[in-house]
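Structure below is start-v3.pdb: PDB, N, CA and C atoms and all ligand atoms.
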ATOM      1  N   MET A   1       6.611  26.342  19.351
ATOM      2  CA  MET A   1       6.322  25.084  18.687
ATOM      3  C   MET A   1       7.603  24.561  18.039
ATOM      4  N   THR A   2       7.960  23.336  18.385
ATOM      5  CA  THR A   2       9.142  22.707  17.807
ATOM      6  C   THR A   2       8.753  21.905  16.581
ATOM      7  N   LYS A   3       9.361  22.235  15.485
ATOM      8  CA  LYS A   3       9.077  21.507  14.260
ATOM      9  C   LYS A   3      10.141  20.464  14.010
ATOM     10  N   LEU A   4       9.744  19.436  13.289
ATOM     11  CA  LEU A   4      10.712  18.437  12.863
ATOM     12  C   LEU A   4      11.546  19.023  11.744
ATOM     13  N   GLU A   5      12.820  18.742  11.798
ATOM     14  CA  GLU A   5      13.706  19.247  10.765
ATOM     15  C   GLU A   5      14.528  18.095  10.205
ATOM     16  N   TRP A   6      14.392  17.898   8.913
ATOM     17  CA  TRP A   6      15.187  16.858   8.267
ATOM     18  C   TRP A   6      16.607  17.384   8.108
ATOM     19  N   THR A   7      17.579  16.562   8.506
ATOM     20  CA  THR A   7      18.976  16.949   8.354
ATOM     21  C   THR A   7      19.687  15.860   7.556
ATOM     22  N   PRO A   8      20.788  16.203   6.937
ATOM     23  CA  PRO A   8      21.511  15.203   6.131
ATOM     24  C   PRO A   8      21.865  13.930   6.907
ATOM     25  N   GLU A   9      22.015  14.044   8.215
ATOM     26  CA  GLU A   9      22.342  12.857   9.020
ATOM     27  C   GLU A   9      21.210  11.824   8.979
ATOM     28  N   LEU A  10      20.010  12.277   8.655
ATOM     29  CA  LEU A  10      18.867  11.361   8.585
ATOM     30  C   LEU A  10      18.776  10.671   7.229
ATOM     31  N   GLY A  11      19.605  11.081   6.324
ATOM     32  CA  GLY A  11      19.577  10.502   4.981
ATOM     33  C   GLY A  11      19.910   9.026   4.984
ATOM     34  N   VAL A  12      19.290   8.307   4.050
ATOM     35  CA  VAL A  12      19.534   6.874   3.935
ATOM     36  C   VAL A  12      20.394   6.558   2.716
ATOM     37  N   GLY A  13      20.780   7.596   1.998
ATOM     38  CA  GLY A  13      21.635   7.391   0.840
ATOM     39  C   GLY A  13      20.883   7.101  -0.445
ATOM     40  N   ILE A  14      19.571   7.193  -0.394
ATOM     41  CA  ILE A  14      18.740   7.003  -1.593
ATOM     42  C   ILE A  14      17.939   8.288  -1.771
ATOM     43  N   VAL A  15      18.222   9.027  -2.827
ATOM     44  CA  VAL A  15      17.637  10.354  -3.009
ATOM     45  C   VAL A  15      16.110  10.308  -2.957
ATOM     46  N   GLU A  16      15.517   9.344  -3.640
ATOM     47  CA  GLU A  16      14.050   9.257  -3.684
ATOM     48  C   GLU A  16      13.456   9.090  -2.276
ATOM     49  N   ILE A  17      14.066   8.216  -1.486
ATOM     50  CA  ILE A  17      13.571   7.981  -0.114
ATOM     51  C   ILE A  17      13.792   9.227   0.741
ATOM     52  N   ASP A  18      14.948   9.838   0.620
ATOM     53  CA  ASP A  18      15.228  11.047   1.413
ATOM     54  C   ASP A  18      14.232  12.164   1.079
ATOM     55  N   GLU A  19      13.925  12.336  -0.196
ATOM     56  CA  GLU A  19      12.960  13.370  -0.586
ATOM     57  C   GLU A  19      11.573  13.068  -0.016
ATOM     58  N   GLN A  20      11.197  11.796  -0.019
ATOM     59  CA  GLN A  20       9.896  11.433   0.550
ATOM     60  C   GLN A  20       9.870  11.658   2.056
ATOM     61  N   HIS A  21      10.979  11.340   2.727
ATOM     62  CA  HIS A  21      11.031  11.601   4.173
ATOM     63  C   HIS A  21      10.888  13.100   4.457
ATOM     64  N   LYS A  22      11.504  13.914   3.627
ATOM     65  CA  LYS A  22      11.374  15.371   3.802
ATOM     66  C   LYS A  22       9.911  15.788   3.668
ATOM     67  N   ARG A  23       9.207  15.209   2.708
ATOM     68  CA  ARG A  23       7.782  15.534   2.517
ATOM     69  C   ARG A  23       6.958  15.078   3.729
ATOM     70  N   LEU A  24       7.299  13.902   4.272
ATOM     71  CA  LEU A  24       6.583  13.440   5.472
ATOM     72  C   LEU A  24       6.815  14.397   6.636
ATOM     73  N   PHE A  25       8.030  14.895   6.767
ATOM     74  CA  PHE A  25       8.309  15.880   7.814
ATOM     75  C   PHE A  25       7.456  17.130   7.603
ATOM     76  N   GLU A  26       7.322  17.548   6.349
ATOM     77  CA  GLU A  26       6.488  18.724   6.053
ATOM     78  C   GLU A  26       5.040  18.484   6.484
ATOM     79  N   LEU A  27       4.527  17.285   6.194
ATOM     80  CA  LEU A  27       3.139  16.983   6.558
ATOM     81  C   LEU A  27       2.967  16.939   8.072
ATOM     82  N   ILE A  28       3.947  16.397   8.760
ATOM     83  CA  ILE A  28       3.875  16.358  10.229
ATOM     84  C   ILE A  28       3.940  17.784  10.782
ATOM     85  N   ASN A  29       4.812  18.604  10.210
ATOM     86  CA  ASN A  29       4.899  20.001  10.665
ATOM     87  C   ASN A  29       3.609  20.758  10.370
ATOM     88  N   LEU A  30       2.990  20.445   9.244
ATOM     89  CA  LEU A  30       1.709  21.064   8.916
ATOM     90  C   LEU A  30       0.649  20.687   9.948
ATOM     91  N   SER A  31       0.688  19.441  10.376
ATOM     92  CA  SER A  31      -0.278  19.012  11.391
ATOM     93  C   SER A  31       0.007  19.694  12.724
ATOM     94  N   LEU A  32       1.292  19.970  13.004
ATOM     95  CA  LEU A  32       1.634  20.722  14.217
ATOM     96  C   LEU A  32       1.013  22.120  14.170
ATOM     97  N   GLU A  33       1.077  22.735  13.000
ATOM     98  CA  GLU A  33       0.462  24.058  12.844
ATOM     99  C   GLU A  33      -1.033  23.978  13.117
ATOM    100  N   CYS A  34      -1.660  22.923  12.628
ATOM    101  CA  CYS A  34      -3.097  22.740  12.886
ATOM    102  C   CYS A  34      -3.354  22.582  14.376
ATOM    103  N   PHE A  35      -2.444  21.854  15.028
ATOM    104  CA  PHE A  35      -2.621  21.621  16.455
ATOM    105  C   PHE A  35      -2.618  22.929  17.234
ATOM    106  N   TYR A  36      -1.740  23.822  16.854
ATOM    107  CA  TYR A  36      -1.635  25.083  17.579
ATOM    108  C   TYR A  36      -2.631  26.129  17.098
ATOM    109  N   SER A  37      -3.295  25.854  15.998
ATOM    110  CA  SER A  37      -4.401  26.691  15.546
ATOM    111  C   SER A  37      -5.567  25.739  15.283
ATOM    112  N   PRO A  38      -6.189  25.229  16.355
ATOM    113  CA  PRO A  38      -7.128  24.114  16.219
ATOM    114  C   PRO A  38      -8.197  24.363  15.161
ATOM    115  N   SER A  39      -8.247  23.427  14.263
ATOM    116  CA  SER A  39      -9.272  23.434  13.226
ATOM    117  C   SER A  39      -9.538  21.988  12.873
ATOM    118  N   PHE A  40     -10.728  21.542  13.142
ATOM    119  CA  PHE A  40     -11.075  20.152  12.899
ATOM    120  C   PHE A  40     -10.892  19.794  11.432
ATOM    121  N   VAL A  41     -11.330  20.655  10.557
ATOM    122  CA  VAL A  41     -11.204  20.396   9.121
ATOM    123  C   VAL A  41      -9.729  20.305   8.743
ATOM    124  N   CYS A  42      -8.954  21.212   9.317
ATOM    125  CA  CYS A  42      -7.522  21.235   9.022
ATOM    126  C   CYS A  42      -6.857  19.931   9.420
ATOM    127  N   ILE A  43      -7.079  19.466  10.650
ATOM    128  CA  ILE A  43      -6.378  18.279  11.118
ATOM    129  C   ILE A  43      -6.828  17.049  10.341
ATOM    130  N   LYS A  44      -8.115  16.968  10.004
ATOM    131  CA  LYS A  44      -8.575  15.824   9.210
ATOM    132  C   LYS A  44      -7.914  15.815   7.838
ATOM    133  N   ASP A  45      -7.799  16.967   7.250
ATOM    134  CA  ASP A  45      -7.178  17.066   5.938
ATOM    135  C   ASP A  45      -5.716  16.627   6.009
ATOM    136  N   VAL A  46      -5.028  17.060   7.054
ATOM    137  CA  VAL A  46      -3.621  16.683   7.202
ATOM    138  C   VAL A  46      -3.490  15.178   7.406
ATOM    139  N   VAL A  47      -4.348  14.599   8.237
ATOM    140  CA  VAL A  47      -4.276  13.159   8.480
ATOM    141  C   VAL A  47      -4.534  12.397   7.180
ATOM    142  N   ASN A  48      -5.501  12.858   6.410
ATOM    143  CA  ASN A  48      -5.758  12.193   5.138
ATOM    144  C   ASN A  48      -4.560  12.299   4.199
ATOM    145  N   GLN A  49      -3.916  13.450   4.198
ATOM    146  CA  GLN A  49      -2.700  13.593   3.387
ATOM    147  C   GLN A  49      -1.602  12.660   3.901
ATOM    148  N   LEU A  50      -1.496  12.530   5.221
ATOM    149  CA  LEU A  50      -0.497  11.627   5.797
ATOM    150  C   LEU A  50      -0.760  10.178   5.390
ATOM    151  N   ILE A  51      -2.014   9.769   5.422
ATOM    152  CA  ILE A  51      -2.350   8.401   5.017
ATOM    153  C   ILE A  51      -1.941   8.170   3.567
ATOM    154  N   ASP A  52      -2.336   9.077   2.708
ATOM    155  CA  ASP A  52      -2.035   8.916   1.282
ATOM    156  C   ASP A  52      -0.529   8.913   1.024
ATOM    157  N   TYR A  53       0.155   9.855   1.632
ATOM    158  CA  TYR A  53       1.579   9.966   1.336
ATOM    159  C   TYR A  53       2.380   8.856   2.007
ATOM    160  N   THR A  54       1.963   8.455   3.207
ATOM    161  CA  THR A  54       2.660   7.363   3.881
ATOM    162  C   THR A  54       2.487   6.059   3.103
ATOM    163  N   THR A  55       1.293   5.827   2.584
ATOM    164  CA  THR A  55       1.051   4.644   1.760
ATOM    165  C   THR A  55       1.971   4.658   0.540
ATOM    166  N   TYR A  56       2.024   5.794  -0.125
ATOM    167  CA  TYR A  56       2.901   5.960  -1.286
ATOM    168  C   TYR A  56       4.365   5.729  -0.903
ATOM    169  N   HIS A  57       4.777   6.309   0.204
ATOM    170  CA  HIS A  57       6.169   6.188   0.649
ATOM    171  C   HIS A  57       6.520   4.742   0.989
ATOM    172  N   PHE A  58       5.631   4.037   1.679
ATOM    173  CA  PHE A  58       5.913   2.655   2.045
ATOM    174  C   PHE A  58       5.993   1.764   0.812
ATOM    175  N   THR A  59       5.184   2.059  -0.178
ATOM    176  CA  THR A  59       5.260   1.300  -1.433
ATOM    177  C   THR A  59       6.637   1.484  -2.062
ATOM    178  N   THR A  60       7.125   2.717  -2.025
ATOM    179  CA  THR A  60       8.470   2.982  -2.547
ATOM    180  C   THR A  60       9.517   2.228  -1.747
ATOM    181  N   GLU A  61       9.430   2.302  -0.417
ATOM    182  CA  GLU A  61      10.423   1.606   0.416
ATOM    183  C   GLU A  61      10.368   0.106   0.183
ATOM    184  N   ASP A  62       9.163  -0.423   0.062
ATOM    185  CA  ASP A  62       9.026  -1.869  -0.171
ATOM    186  C   ASP A  62       9.729  -2.277  -1.459
ATOM    187  N   SER A  63       9.641  -1.448  -2.479
ATOM    188  CA  SER A  63      10.274  -1.799  -3.752
ATOM    189  C   SER A  63      11.797  -1.831  -3.619
ATOM    190  N   TYR A  64      12.341  -1.020  -2.716
ATOM    191  CA  TYR A  64      13.788  -1.044  -2.498
ATOM    192  C   TYR A  64      14.211  -2.244  -1.660
ATOM    193  N   MET A  65      13.285  -2.795  -0.902
ATOM    194  CA  MET A  65      13.632  -3.897   0.005
ATOM    195  C   MET A  65      13.355  -5.266  -0.570
ATOM    196  N   ASP A  66      12.816  -5.333  -1.762
ATOM    197  CA  ASP A  66      12.422  -6.620  -2.323
ATOM    198  C   ASP A  66      13.562  -7.635  -2.373
ATOM    199  N   HIS A  67      14.775  -7.156  -2.474
ATOM    200  CA  HIS A  67      15.901  -8.077  -2.601
ATOM    201  C   HIS A  67      16.350  -8.658  -1.265
ATOM    202  N   THR A  68      15.865  -8.140  -0.155
ATOM    203  CA  THR A  68      16.219  -8.694   1.154
ATOM    204  C   THR A  68      14.955  -9.255   1.785
ATOM    205  N   ARG A  69      14.624 -10.456   1.426
ATOM    206  CA  ARG A  69      13.328 -11.053   1.706
ATOM    207  C   ARG A  69      12.904 -11.018   3.188
ATOM    208  N   GLU A  70      13.726 -11.523   4.086
ATOM    209  CA  GLU A  70      13.300 -11.593   5.487
ATOM    210  C   GLU A  70      13.115 -10.199   6.081
ATOM    211  N   ALA A  71      14.073  -9.339   5.871
ATOM    212  CA  ALA A  71      13.949  -7.975   6.388
ATOM    213  C   ALA A  71      12.736  -7.302   5.783
ATOM    214  N   SER A  72      12.477  -7.599   4.534
ATOM    215  CA  SER A  72      11.351  -7.000   3.831
ATOM    216  C   SER A  72      10.025  -7.399   4.473
ATOM    217  N   ILE A  73       9.869  -8.662   4.788
ATOM    218  CA  ILE A  73       8.606  -9.138   5.386
ATOM    219  C   ILE A  73       8.361  -8.442   6.727
ATOM    220  N   ILE A  74       9.393  -8.389   7.566
ATOM    221  CA  ILE A  74       9.254  -7.748   8.880
ATOM    222  C   ILE A  74       8.942  -6.264   8.709
ATOM    223  N   HIS A  75       9.675  -5.618   7.825
ATOM    224  CA  HIS A  75       9.478  -4.178   7.655
ATOM    225  C   HIS A  75       8.113  -3.864   7.062
ATOM    226  N   ARG A  76       7.622  -4.701   6.149
ATOM    227  CA  ARG A  76       6.284  -4.481   5.585
ATOM    228  C   ARG A  76       5.210  -4.604   6.666
ATOM    229  N   CYS A  77       5.414  -5.526   7.593
ATOM    230  CA  CYS A  77       4.464  -5.647   8.710
ATOM    231  C   CYS A  77       4.479  -4.363   9.542
ATOM    232  N   GLU A  78       5.665  -3.823   9.759
ATOM    233  CA  GLU A  78       5.769  -2.571  10.511
ATOM    234  C   GLU A  78       5.067  -1.440   9.760
ATOM    235  N   HIS A  79       5.227  -1.424   8.458
ATOM    236  CA  HIS A  79       4.539  -0.414   7.649
ATOM    237  C   HIS A  79       3.025  -0.536   7.810
ATOM    238  N   GLU A  80       2.532  -1.775   7.766
ATOM    239  CA  GLU A  80       1.077  -1.971   7.851
ATOM    240  C   GLU A  80       0.549  -1.542   9.221
ATOM    241  N   VAL A  81       1.307  -1.847  10.281
ATOM    242  CA  VAL A  81       0.913  -1.422  11.631
ATOM    243  C   VAL A  81       0.874   0.102  11.697
ATOM    244  N   CYS A  82       1.875   0.735  11.135
ATOM    245  CA  CYS A  82       1.951   2.201  11.143
ATOM    246  C   CYS A  82       0.757   2.795  10.397
ATOM    247  N   LEU A  83       0.463   2.265   9.216
ATOM    248  CA  LEU A  83      -0.663   2.783   8.439
ATOM    249  C   LEU A  83      -1.982   2.587   9.169
ATOM    250  N   GLU A  84      -2.129   1.433   9.812
ATOM    251  CA  GLU A  84      -3.384   1.169  10.524
ATOM    252  C   GLU A  84      -3.566   2.165  11.675
ATOM    253  N   ARG A  85      -2.475   2.531  12.323
ATOM    254  CA  ARG A  85      -2.566   3.515  13.416
ATOM    255  C   ARG A  85      -3.005   4.878  12.880
ATOM    256  N   ILE A  86      -2.481   5.270  11.731
ATOM    257  CA  ILE A  86      -2.885   6.554  11.155
ATOM    258  C   ILE A  86      -4.351   6.489  10.729
ATOM    259  N   ARG A  87      -4.752   5.356  10.130
ATOM    260  CA  ARG A  87      -6.163   5.205   9.724
ATOM    261  C   ARG A  87      -7.082   5.284  10.938
ATOM    262  N   GLU A  88      -6.633   4.686  12.056
ATOM    263  CA  GLU A  88      -7.438   4.736  13.278
ATOM    264  C   GLU A  88      -7.612   6.182  13.746
ATOM    265  N   PHE A  89      -6.561   6.980  13.653
ATOM    266  CA  PHE A  89      -6.675   8.403  13.989
ATOM    267  C   PHE A  89      -7.742   9.060  13.127
ATOM    268  N   SER A  90      -7.699   8.709  11.854
ATOM    269  CA  SER A  90      -8.647   9.306  10.918
ATOM    270  C   SER A  90     -10.078   8.895  11.245
ATOM    271  N   ARG A  91     -10.281   7.600  11.550
ATOM    272  CA  ARG A  91     -11.618   7.115  11.910
ATOM    273  C   ARG A  91     -12.133   7.826  13.159
ATOM    274  N   ARG A  92     -11.272   7.968  14.147
ATOM    275  CA  ARG A  92     -11.684   8.633  15.391
ATOM    276  C   ARG A  92     -12.079  10.073  15.106
ATOM    277  N   ALA A  93     -11.354  10.703  14.238
ATOM    278  CA  ALA A  93     -11.678  12.095  13.897
ATOM    279  C   ALA A  93     -13.049  12.164  13.252
ATOM    280  N   THR A  94     -13.367  11.194  12.435
ATOM    281  CA  THR A  94     -14.636  11.186  11.731
ATOM    282  C   THR A  94     -15.786  10.831  12.661
ATOM    283  N   ILE A  95     -15.585   9.800  13.468
ATOM    284  CA  ILE A  95     -16.668   9.299  14.319
ATOM    285  C   ILE A  95     -16.880  10.189  15.541
ATOM    286  N   GLU A  96     -15.811  10.510  16.226
ATOM    287  CA  GLU A  96     -15.936  11.219  17.485
ATOM    288  C   GLU A  96     -15.915  12.728  17.321
ATOM    289  N   GLU A  97     -15.473  13.171  16.165
ATOM    290  CA  GLU A  97     -15.331  14.600  15.925
ATOM    291  C   GLU A  97     -14.570  15.276  17.057
ATOM    292  N   VAL A  98     -13.436  14.661  17.377
ATOM    293  CA  VAL A  98     -12.579  15.231  18.405
ATOM    294  C   VAL A  98     -11.295  15.707  17.760
ATOM    295  N   ASP A  99     -10.613  16.555  18.485
ATOM    296  CA  ASP A  99      -9.303  16.986  18.026
ATOM    297  C   ASP A  99      -8.333  15.824  18.219
ATOM    298  N   ILE A 100      -7.903  15.229  17.143
ATOM    299  CA  ILE A 100      -7.060  14.044  17.241
ATOM    300  C   ILE A 100      -5.579  14.394  17.268
ATOM    301  N   SER A 101      -5.260  15.636  17.279
ATOM    302  CA  SER A 101      -3.859  16.008  17.177
ATOM    303  C   SER A 101      -3.014  15.450  18.322
ATOM    304  N   LEU A 102      -3.564  15.399  19.530
ATOM    305  CA  LEU A 102      -2.802  14.868  20.641
ATOM    306  C   LEU A 102      -2.459  13.408  20.399
ATOM    307  N   HIS A 103      -3.426  12.644  19.888
ATOM    308  CA  HIS A 103      -3.177  11.245  19.602
ATOM    309  C   HIS A 103      -2.123  11.105  18.510
ATOM    310  N   LEU A 104      -2.196  11.993  17.542
ATOM    311  CA  LEU A 104      -1.248  11.942  16.434
ATOM    312  C   LEU A 104       0.172  12.112  16.940
ATOM    313  N   TYR A 105       0.375  12.982  17.928
ATOM    314  CA  TYR A 105       1.724  13.235  18.391
ATOM    315  C   TYR A 105       2.235  12.183  19.350
ATOM    316  N   LYS A 106       1.306  11.413  19.933
ATOM    317  CA  LYS A 106       1.769  10.260  20.714
ATOM    318  C   LYS A 106       2.297   9.202  19.769
ATOM    319  N   PHE A 107       1.717   9.171  18.559
ATOM    320  CA  PHE A 107       2.137   8.225  17.545
ATOM    321  C   PHE A 107       3.547   8.546  17.126
TER     322      PHE A 107
HETATM  323 FE    FE B 201      10.585   5.721   5.489
END
Please express what this file holds, its structure, as C-alpha cells.
Ligand SMILES: [Fe+2]
Amino acid sequence: MTKLEWTPELGVGIVEIDEQHKRLFELINLSLECFYSPSFVCIKDVVNQLIDYTTYHFTTEDSYMDHTREASIIHRCEHEVCLERIREFSRRATIEEVDISLHLYKF
C-alpha cells in the first residue's frame, strides 16, 4: 500500500496551511488503511472526518485569499466542488451501503 507523504516541496510557505495539508494527508492515509482492511463503519467515519476537516481547511485557505478577489472567487468555487464530491461519497455510503473507498481514490 502506497501512502501519501507530505514533503517540504509541497509546502506553500504558510505554516498553518502546511500543517493542515499534513493532517489531510493523514486522513487520506487512514482511509487507505480502511480500504485494505474493509470496514464499512471505518470508511464512513474517515469520510466524515474528511468532510469536516476539508471544510475547516478551505475556510482557512479562503481567509488567506481574501485579498486576491478574482483568484479567490475561482478557488472558492473549486473548494465547493471538492466538498460536494466528498459529500456525495458520504451519501452513497449511507444510502447504498457500499464500500466507497474505490470512489474516494478516483477522487
Ligand atoms: Fe489546501
Can you tell me, as a short mmCIF file (atom, residue, chain, number, x, y, z; two decimals) with N, CA and C atoms, in the frame of the given file, what residues are no more than 7 Å from stretch 17-23 of chain A when counting all atoms listed in the file, ignoring any on the same chain fewer than 6 positions away?
data_model
loop_
_atom_site.label_atom_id
_atom_site.label_comp_id
_atom_site.auth_asym_id
_atom_site.auth_seq_id
_atom_site.Cartn_x
_atom_site.Cartn_y
_atom_site.Cartn_z
N TRP A 6 14.39 17.90 8.91
CA TRP A 6 15.19 16.86 8.27
C TRP A 6 16.61 17.38 8.11
N LEU A 10 20.01 12.28 8.65
CA LEU A 10 18.87 11.36 8.59
C LEU A 10 18.78 10.67 7.23
N GLY A 11 19.60 11.08 6.32
CA GLY A 11 19.58 10.50 4.98
C GLY A 11 19.91 9.03 4.98
N HIS A 57 4.78 6.31 0.20
CA HIS A 57 6.17 6.19 0.65
C HIS A 57 6.52 4.74 0.99
#
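Reported to one decimal place, the separation of atom CA of A:Ser37 from atom FE of ligand FE 201 (chain B) is 27.7 Å.
For the pair atom N of A:Gln49 and atom CA of A:Leu27, the interatomic distance is 8.2 Å.
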Which is closer to A:Thr60 than all the others in A:Glu16, A:Val81, A:Asp45, A:Leu24, using only N, CA and C atoms?
A:Glu16
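If you measure from each of A:Glu61, A:Leu50, A:Asn29, A:Val15 to A:Lys3 using all atoms listed in the file, the closest one turns out to be A:Asn29.
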